[in-house]
file protein-v1.cif (mmCIF, C-alpha atoms and all ligand atoms)
data_protein
loop_
_atom_site.label_atom_id
_atom_site.label_comp_id
_atom_site.auth_asym_id
_atom_site.auth_seq_id
_atom_site.Cartn_x
_atom_site.Cartn_y
_atom_site.Cartn_z
CA MET A 102 -15.27 23.67 13.08
CA SER A 103 -13.22 26.88 13.15
CA ARG A 104 -9.97 26.98 11.19
CA PRO A 105 -7.01 29.06 12.32
CA THR A 106 -6.80 32.28 10.33
CA PRO A 107 -3.62 32.79 8.27
CA GLY A 108 -0.79 34.06 10.46
CA GLU A 109 -2.49 32.89 13.64
CA PRO A 110 -0.15 30.60 15.63
CA GLN A 111 -1.35 27.01 15.54
CA SER A 112 -1.26 25.13 18.79
CA THR A 113 0.88 22.02 18.66
CA PRO A 114 0.45 19.36 21.35
CA PRO A 115 3.30 19.03 23.86
CA ARG A 116 5.66 16.28 22.75
CA GLY A 117 4.80 12.87 24.11
CA ARG A 118 7.16 11.51 26.75
CA LEU A 119 9.75 8.99 25.67
CA VAL A 120 10.73 6.25 28.14
CA VAL A 121 13.67 4.02 27.32
CA LEU A 122 13.46 0.67 29.12
CA VAL A 123 16.54 -1.46 29.61
CA GLY A 124 17.34 -4.49 31.75
CA PRO A 125 19.02 -7.87 31.63
CA SER A 126 17.61 -10.79 29.69
CA ALA A 127 14.64 -12.45 31.45
CA VAL A 128 14.23 -9.71 34.06
CA GLY A 129 10.68 -9.41 32.71
CA LYS A 130 10.80 -6.51 30.23
CA SER A 131 8.40 -8.06 27.69
CA THR A 132 6.03 -9.19 30.43
CA VAL A 133 5.96 -5.70 31.95
CA VAL A 134 5.63 -4.05 28.53
CA SER A 135 2.58 -6.23 27.72
CA ARG A 136 0.94 -5.07 30.94
CA VAL A 137 1.78 -1.41 30.23
CA ARG A 138 0.23 -1.78 26.77
CA GLN A 139 -2.98 -3.05 28.39
CA LEU A 140 -3.03 -0.25 30.95
CA LEU A 141 -2.24 2.51 28.45
CA PRO A 142 -3.81 1.68 25.09
CA GLU A 143 -2.79 5.05 23.59
CA LEU A 144 0.88 4.19 24.17
CA PHE A 145 3.11 3.93 21.14
CA PHE A 146 5.36 0.92 21.75
CA SER A 147 8.30 0.94 19.39
CA VAL A 148 8.41 -2.36 17.53
CA SER A 149 12.06 -3.14 16.85
CA ALA A 150 13.51 -4.75 13.78
CA THR A 151 15.54 -7.86 14.60
CA THR A 152 17.46 -10.51 12.75
CA ARG A 153 16.63 -13.19 15.31
CA ALA A 154 13.96 -15.84 14.73
CA PRO A 155 10.55 -15.45 16.40
CA ARG A 156 10.05 -17.29 19.71
CA PRO A 157 6.92 -19.39 20.14
CA GLY A 158 4.04 -17.02 20.82
CA GLU A 159 5.70 -13.96 19.28
CA THR A 160 3.81 -12.15 16.53
CA ALA A 161 5.51 -10.40 13.61
CA GLY A 162 4.72 -6.67 13.64
CA ARG A 163 3.56 -6.78 17.25
CA ASP A 164 6.61 -8.09 19.11
CA TYR A 165 9.24 -7.46 16.44
CA HIS A 166 9.67 -6.87 12.74
CA PHE A 167 11.56 -10.06 11.93
CA VAL A 168 13.92 -9.32 9.04
CA ASP A 169 16.90 -11.03 7.47
CA ARG A 170 20.42 -9.65 7.70
CA ALA A 171 20.26 -8.08 4.20
CA GLU A 172 17.09 -6.14 5.04
CA PHE A 173 18.56 -5.04 8.38
CA ASP A 174 21.69 -3.77 6.61
CA ARG A 175 19.48 -1.90 4.12
CA MET A 176 17.68 -0.19 7.03
CA ILE A 177 21.05 0.90 8.46
CA ASP A 178 22.26 2.17 5.06
CA ASP A 179 19.03 4.12 4.49
CA ASP A 180 19.35 5.69 7.98
CA GLU A 181 15.97 4.31 9.02
CA LEU A 182 17.11 3.35 12.53
CA LEU A 183 17.28 5.67 15.54
CA GLU A 184 19.77 3.20 16.99
CA TRP A 185 20.80 -0.38 16.50
CA ALA A 186 23.13 -2.83 18.22
CA GLU A 187 24.75 -6.24 17.98
CA ILE A 188 23.07 -8.20 20.77
CA HIS A 189 24.59 -10.97 22.90
CA GLY A 190 28.00 -10.87 21.29
CA GLY A 191 26.74 -10.48 17.73
CA LEU A 192 24.25 -13.33 17.83
CA GLN A 193 21.59 -11.00 16.46
CA ARG A 194 21.12 -7.38 15.44
CA SER A 195 18.18 -5.32 16.65
CA GLY A 196 17.27 -1.69 16.03
CA THR A 197 14.61 0.96 16.60
CA PRO A 198 12.84 2.33 13.51
CA ARG A 199 13.28 6.11 13.83
CA ARG A 200 10.30 7.65 12.06
CA PRO A 201 7.44 6.07 14.02
CA VAL A 202 9.03 7.11 17.34
CA ILE A 203 9.55 10.73 16.32
CA GLU A 204 6.11 11.01 14.71
CA ALA A 205 4.36 9.60 17.79
CA MET A 206 6.21 12.02 20.09
CA GLU A 207 5.25 14.91 17.82
CA ARG A 208 1.59 13.86 17.99
CA GLY A 209 1.86 14.10 21.78
CA VAL A 210 1.66 10.34 22.27
CA PRO A 211 3.72 8.65 25.03
CA VAL A 212 6.38 6.36 23.60
CA LEU A 213 8.06 3.31 25.12
CA VAL A 214 11.24 1.89 23.63
CA GLU A 215 12.76 -1.37 24.94
CA VAL A 216 16.40 -1.79 23.98
CA ASP A 217 19.74 -3.17 25.17
CA LEU A 218 22.33 -1.13 27.04
CA VAL A 219 24.12 0.12 23.92
CA GLY A 220 20.82 1.13 22.34
CA ALA A 221 19.63 2.87 25.51
CA ARG A 222 22.80 4.93 25.74
CA ASN A 223 22.43 5.95 22.09
CA VAL A 224 18.76 6.93 22.38
CA LEU A 225 19.41 8.92 25.59
CA ARG A 226 22.32 10.73 23.89
CA ARG A 227 20.30 11.51 20.75
CA ILE A 228 17.07 12.46 22.55
CA PRO A 229 18.17 14.03 25.88
CA GLU A 230 14.58 14.67 27.03
CA ALA A 231 14.00 10.88 27.19
CA THR A 232 13.73 9.15 30.57
CA GLY A 233 15.97 6.14 31.10
CA VAL A 234 14.52 3.30 33.20
CA PHE A 235 16.52 0.26 34.30
CA LEU A 236 14.45 -2.81 35.19
CA ALA A 237 16.30 -4.87 37.81
CA PRO A 238 15.57 -8.33 39.25
CA PRO A 239 14.94 -8.66 43.00
CA THR A 240 18.15 -10.74 43.20
CA TRP A 241 20.69 -12.24 40.80
CA ASP A 242 19.34 -15.71 41.64
CA ASP A 243 15.83 -14.60 40.65
CA LEU A 244 17.21 -13.52 37.28
CA VAL A 245 18.93 -16.87 36.70
CA ALA A 246 15.75 -18.70 37.74
CA ARG A 247 13.57 -16.64 35.35
CA LEU A 248 15.96 -17.17 32.46
CA THR A 249 16.27 -20.92 32.97
CA ALA A 250 12.57 -21.44 33.76
CA ARG A 251 11.57 -19.62 30.56
CA GLY A 252 13.31 -22.44 28.72
CA THR A 253 13.64 -20.58 25.42
CA GLU A 254 17.44 -20.62 25.19
CA SER A 255 20.10 -23.32 24.94
CA ALA A 256 22.60 -23.71 27.80
CA ASP A 257 25.17 -21.79 25.70
CA ALA A 258 22.75 -18.95 25.05
CA VAL A 259 21.80 -18.80 28.74
CA ALA A 260 25.49 -18.49 29.66
CA ARG A 261 26.00 -15.70 27.08
CA ARG A 262 22.91 -13.82 28.28
CA LEU A 263 24.13 -14.02 31.88
CA GLU A 264 27.51 -12.62 30.82
CA THR A 265 25.73 -9.70 29.16
CA ALA A 266 23.52 -9.35 32.24
CA ARG A 267 26.53 -8.80 34.52
CA VAL A 268 27.63 -5.85 32.36
CA GLU A 269 24.08 -4.46 32.23
CA MET A 270 23.57 -4.75 36.01
CA ALA A 271 26.78 -2.80 36.59
CA ALA A 272 25.46 0.08 34.46
CA GLN A 273 22.14 0.65 36.27
CA ASP A 274 23.33 3.86 37.96
CA GLU A 275 23.39 5.57 34.55
CA PHE A 276 19.58 5.58 34.44
CA ASP A 277 17.04 8.05 35.81
CA HIS A 278 15.07 5.32 37.57
CA VAL A 279 15.81 1.77 38.70
CA LEU A 280 12.58 -0.25 39.06
CA VAL A 281 12.80 -3.64 40.76
CA ASN A 282 10.55 -6.21 39.10
CA HIS A 283 9.14 -7.91 42.18
CA GLU A 284 5.62 -7.74 40.86
CA VAL A 285 4.56 -7.05 37.28
CA ASP A 286 1.46 -4.91 37.99
CA GLN A 287 3.36 -2.65 40.38
CA VAL A 288 6.22 -1.98 37.96
CA ALA A 289 3.81 -1.55 35.05
CA SER A 290 1.84 1.12 36.88
CA GLU A 291 5.05 2.96 37.79
CA LEU A 292 6.04 2.96 34.15
CA VAL A 293 2.62 4.31 33.19
CA SER A 294 3.21 7.19 35.65
CA LEU A 295 6.52 7.98 34.02
CA LEU A 296 4.93 7.83 30.55
CA VAL A 297 1.92 10.02 31.20
CA GLY A 298 3.34 12.35 33.78
CA SER A 299 1.52 11.70 37.03
CA ASP A 300 5.04 11.91 38.49
CA ASP A 301 5.17 15.55 37.29
CA SER A 302 7.67 17.29 39.56
CA THR A 303 6.18 20.72 38.74
CA THR A 304 3.26 19.83 41.03
CA ASP A 305 5.66 19.20 43.93
CA PRO A 306 6.92 22.53 45.31
CA SER A 307 9.45 20.75 47.54
CA ARG A 308 11.47 19.75 44.49
CA VAL A 309 13.70 22.51 43.21
CA ASP A 310 15.99 20.58 40.87
CA GLY A 311 13.37 19.93 38.16
CA SER A 312 13.90 16.18 38.39
CA SER A 313 11.08 13.67 38.72
CA PRO A 314 10.33 12.24 42.13
CA ALA A 315 11.13 8.55 42.49
CA PRO A 316 8.27 6.09 42.14
CA SER A 317 7.68 3.85 45.12
CA SER A 318 9.67 0.82 44.04
CA THR A 319 12.53 2.87 42.66
CA ARG A 320 15.68 1.77 44.39
CA GLN A 321 18.50 4.23 44.84
CA SER A 322 21.26 2.20 43.28
CA THR A 323 24.53 2.29 45.13
N1 LIG B 401 7.68 -10.13 38.44
C1 LIG B 401 7.91 -11.38 38.00
N2 LIG B 401 7.94 -12.40 38.87
C2 LIG B 401 8.19 -13.66 38.44
N3 LIG B 401 8.42 -14.01 37.15
C3 LIG B 401 8.41 -13.02 36.24
C4 LIG B 401 8.15 -11.66 36.60
N4 LIG B 401 8.20 -10.90 35.49
C5 LIG B 401 8.47 -11.75 34.46
N5 LIG B 401 8.57 -13.02 34.91
C6 LIG B 401 8.90 -14.23 34.11
O1 LIG B 401 10.28 -14.18 33.77
C7 LIG B 401 10.50 -14.75 32.47
C8 LIG B 401 11.23 -13.74 31.59
O2 LIG B 401 10.34 -12.67 31.30
P1 LIG B 401 10.44 -11.88 29.92
O3 LIG B 401 10.49 -12.85 28.77
O4 LIG B 401 9.34 -10.87 29.95
O5 LIG B 401 11.86 -11.20 30.08
P2 LIG B 401 12.65 -10.16 29.14
O6 LIG B 401 13.36 -9.22 30.03
O7 LIG B 401 11.74 -9.59 28.12
O8 LIG B 401 13.69 -11.15 28.44
P3 LIG B 401 14.58 -10.95 27.09
O9 LIG B 401 15.36 -9.71 27.20
O10 LIG B 401 15.45 -12.17 27.09
O11 LIG B 401 13.62 -10.94 25.93
C9 LIG B 401 9.15 -15.13 31.92
O12 LIG B 401 8.94 -16.52 32.12
C10 LIG B 401 8.16 -14.31 32.78
O13 LIG B 401 6.90 -14.97 32.90
N1 LIG B 402 19.68 -1.85 20.76
C1 LIG B 402 18.50 -2.50 20.66
N2 LIG B 402 18.23 -3.53 21.49
C2 LIG B 402 17.04 -4.13 21.37
C3 LIG B 402 16.08 -3.72 20.45
N3 LIG B 402 14.99 -4.52 20.57
C4 LIG B 402 15.27 -5.38 21.57
N4 LIG B 402 16.50 -5.14 22.05
C5 LIG B 402 17.18 -5.83 23.15
O1 LIG B 402 17.75 -7.03 22.69
C6 LIG B 402 17.94 -7.89 23.82
C7 LIG B 402 17.49 -9.28 23.48
O2 LIG B 402 16.13 -9.28 23.24
P1 LIG B 402 15.39 -10.62 22.82
O3 LIG B 402 13.97 -10.23 22.59
O4 LIG B 402 16.08 -11.12 21.58
O5 LIG B 402 15.59 -11.59 23.98
C8 LIG B 402 17.14 -7.27 24.98
O6 LIG B 402 18.07 -6.63 25.84
C9 LIG B 402 16.29 -6.25 24.28
O7 LIG B 402 15.98 -5.15 25.12
C10 LIG B 402 16.40 -2.62 19.60
O8 LIG B 402 15.61 -2.18 18.76
N5 LIG B 402 17.60 -2.06 19.76
#
call {"tool": "encode", "arguments": {"input": "protein-v1.cif", "output": "structure tokens"}}
result
Amino acid sequence: MSRPTPGEPQSTPPRGRLVVLVGPSAVGKSTVVSRVRQLLPELFFSVSATTRAPRPGETAGRDYHFVDRAEFDRMIDDDELLEWAEIHGGLQRSGTPRRPVIEAMERGVPVLVEVDLVGARNVLRRIPEATGVFLAPPTWDDLVARLTARGTESADAVARRLETARVEMAAQDEFDHVLVNHEVDQVASELVSLLVGSDDSTTDPSRVDGSSPAPSSTRQST
């Protein structure tokens, strides 16, 4: 294997793309993310730290790093989080460990971060090259049906999540893409395109603004 000679510029891989996924509770973010992880095994999915308890079926280290409030506060104090937020009116705190995200991008690996609205705004402000994706339900009634059918929250928690959802739905225009989760496989493959660049606008001479063309289920939000 040949080594670079001293002084010779070393080639570094292009930074991996960072996609920030946001959407109201029960729109299907975790379901879509699981599918994306199957379709794109090289993906780095950012595992958040959270103070909430695991749901049935969730695995520590895969779905979340479940930590207590003291450990979460230590992570904030030691500046280990790229962003963090109080979720659902302070019911829980969740945050994105910074180092793994930056290191994966520097290795050229695509990165997917799933956060709430506050977290998404903070990541997009701190890392302007990131692509913001809002996952929307087909209709408000579909969202309510998914949340209640999941059956993981009390009636109070459902009401609080729907309050948060109204605020989140009103913010969808802030994002680069709005994907409507009619069908998990369709949305997952659109996210894969955004992560690995088959949407690359440089291959489309009709685009002169440098922006990415919209994937097929992207809705122009009004
Ligand atoms: N395209 C879809 N069509 C019908 N049901 C769906 C679809 N996508 C997800 N679901 C269902 O909706 C429910 C909520 O999905 P999921 O838990 O993935 O949502 P989430 O956005 O991650 O929620 P939260 O933010 O509360 O963690 C689940 O029961 C899931 O099976
Ligand atoms: N700001 C952040 N928000 C996060 C992070 N990880 C998850 N989330 C968001 O929290 C809510 C609730 O999620 P749940 O799994 O408890 O139902 C949802 O909007 C997630 O996107 C994070 O690291 N930072």
call {"tool": "residues_near_ligand", "arguments": {"input": "protein-v1.cif", "ligand": "ligand LIG 402 (chain B)", "cutoff": "10 Å", "atoms": "all atoms listed in the file", "output": "ChimeraX atom specification"}}
result
/A:121-128,130-131,147-156,159,164-166,182-189,192-199,214-224,253-254,262,265-266,269
call {"tool": "closest_residue", "arguments": {"input": "protein-v1.cif", "among": "A:Pro142, A:Gly252, A:Gly233, A:Gly162", "to": "Pro211 of chain A", "atoms": "all atoms listed in the file"}}
result
A:Pro142
call {"tool": "closest_residue", "arguments": {"input": "protein-v1.cif", "among": "A:Leu292, A:Leu119, A:Asp286, A:Phe235", "to": "Asp274 of chain A", "atoms": "all atoms listed in the file"}}
result
A:Phe235
call {"tool": "atom_distance", "arguments": {"input": "protein-v1.cif", "atom1": "atom O6 of ligand LIG 401 (chain B)", "atom2": "atom CA of Pro157 of chain A"}}
result
15.6 Å
call {"tool": "atom_distance", "arguments": {"input": "protein-v1.cif", "atom1": "atom C1 of ligand LIG 401 (chain B)", "atom2": "atom CA of Leu263 of chain A"}}
result
17.5 Å
call {"tool": "atom_distance", "arguments": {"input": "protein-v1.cif", "atom1": "atom CA of Gly190 of chain A", "atom2": "atom CA of Ile203 of chain A"}}
result
28.8 Å
call {"tool": "closest_residue", "arguments": {"input": "protein-v1.cif", "among": "A:Gln287, A:Asn282, A:Ser294, A:Thr240", "to": "ligand LIG 401 (chain B)", "atoms": "all atoms listed in the file"}}
result
A:Asn282
call {"tool": "closest_residue", "arguments": {"input": "protein-v1.cif", "among": "A:Gln273, A:Thr132, A:Thr232, A:Thr249", "to": "ligand LIG 401 (chain B)", "atoms": "all atoms listed in the file"}}
result
A:Thr132
call {"tool": "closest_residue", "arguments": {"input": "protein-v1.cif", "among": "A:Met176, A:Val133, A:Ala289, A:Val234", "to": "ligand LIG 401 (chain B)", "atoms": "all atoms listed in the file"}}
result
A:Val133
call {"tool": "closest_residue", "arguments": {"input": "protein-v1.cif", "among": "A:Glu264, A:Asp174, A:Asp277, A:Asp243", "to": "ligand LIG 401 (chain B)", "atoms": "all atoms listed in the file"}}
result
A:Asp243
call {"tool": "decode", "arguments": {"input": "protein-v1.cif", "residues": "segment 162-195 of chain A", "atoms": "C-alpha atoms", "output": "PDB file, in the first residue's frame"}}
result
ATOM      1  CA  GLY A 162     -28.101   2.162  22.929  1.00  0.00           C
ATOM      2  CA  ARG A 163     -30.089   1.424  19.779  1.00  0.00           C
ATOM      3  CA  ASP A 164     -33.207   3.561  20.198  1.00  0.00           C
ATOM      4  CA  TYR A 165     -31.959   5.912  22.908  1.00  0.00           C
ATOM      5  CA  HIS A 166     -29.332   6.248  25.595  1.00  0.00           C
ATOM      6  CA  PHE A 167     -31.662   6.219  28.590  1.00  0.00           C
ATOM      7  CA  VAL A 168     -30.095   8.369  31.308  1.00  0.00           C
ATOM      8  CA  ASP A 169     -31.280   9.948  34.531  1.00  0.00           C
ATOM      9  CA  ARG A 170     -31.650  13.683  34.975  1.00  0.00           C
ATOM     10  CA  ALA A 171     -28.280  14.024  36.774  1.00  0.00           C
ATOM     11  CA  GLU A 172     -26.405  12.327  33.918  1.00  0.00           C
ATOM     12  CA  PHE A 173     -28.264  14.446  31.348  1.00  0.00           C
ATOM     13  CA  ASP A 174     -27.303  17.619  33.232  1.00  0.00           C
ATOM     14  CA  ARG A 175     -23.681  16.431  33.322  1.00  0.00           C
ATOM     15  CA  MET A 176     -23.741  15.986  29.528  1.00  0.00           C
ATOM     16  CA  ILE A 177     -25.030  19.560  29.141  1.00  0.00           C
ATOM     17  CA  ASP A 178     -22.391  20.938  31.540  1.00  0.00           C
ATOM     18  CA  ASP A 179     -19.588  19.074  29.737  1.00  0.00           C
ATOM     19  CA  ASP A 180     -20.833  20.440  26.378  1.00  0.00           C
ATOM     20  CA  GLU A 181     -21.322  16.927  25.016  1.00  0.00           C
ATOM     21  CA  LEU A 182     -24.609  17.739  23.259  1.00  0.00           C
ATOM     22  CA  LEU A 183     -24.970  19.306  19.815  1.00  0.00           C
ATOM     23  CA  GLU A 184     -28.449  20.357  20.928  1.00  0.00           C
ATOM     24  CA  TRP A 185     -30.966  19.416  23.561  1.00  0.00           C
ATOM     25  CA  ALA A 186     -34.539  20.350  24.400  1.00  0.00           C
ATOM     26  CA  GLU A 187     -37.294  20.036  26.971  1.00  0.00           C
ATOM     27  CA  ILE A 188     -39.863  17.850  25.220  1.00  0.00           C
ATOM     28  CA  HIS A 189     -43.658  17.966  25.608  1.00  0.00           C
ATOM     29  CA  GLY A 190     -43.706  20.818  28.081  1.00  0.00           C
ATOM     30  CA  GLY A 191     -40.741  19.616  30.126  1.00  0.00           C
ATOM     31  CA  LEU A 192     -41.947  16.047  30.591  1.00  0.00           C
ATOM     32  CA  GLN A 193     -38.565  14.797  29.412  1.00  0.00           C
ATOM     33  CA  ARG A 194     -35.246  16.104  28.129  1.00  0.00           C
ATOM     34  CA  SER A 195     -33.602  14.705  25.014  1.00  0.00           C
TER      35      SER A 195
END
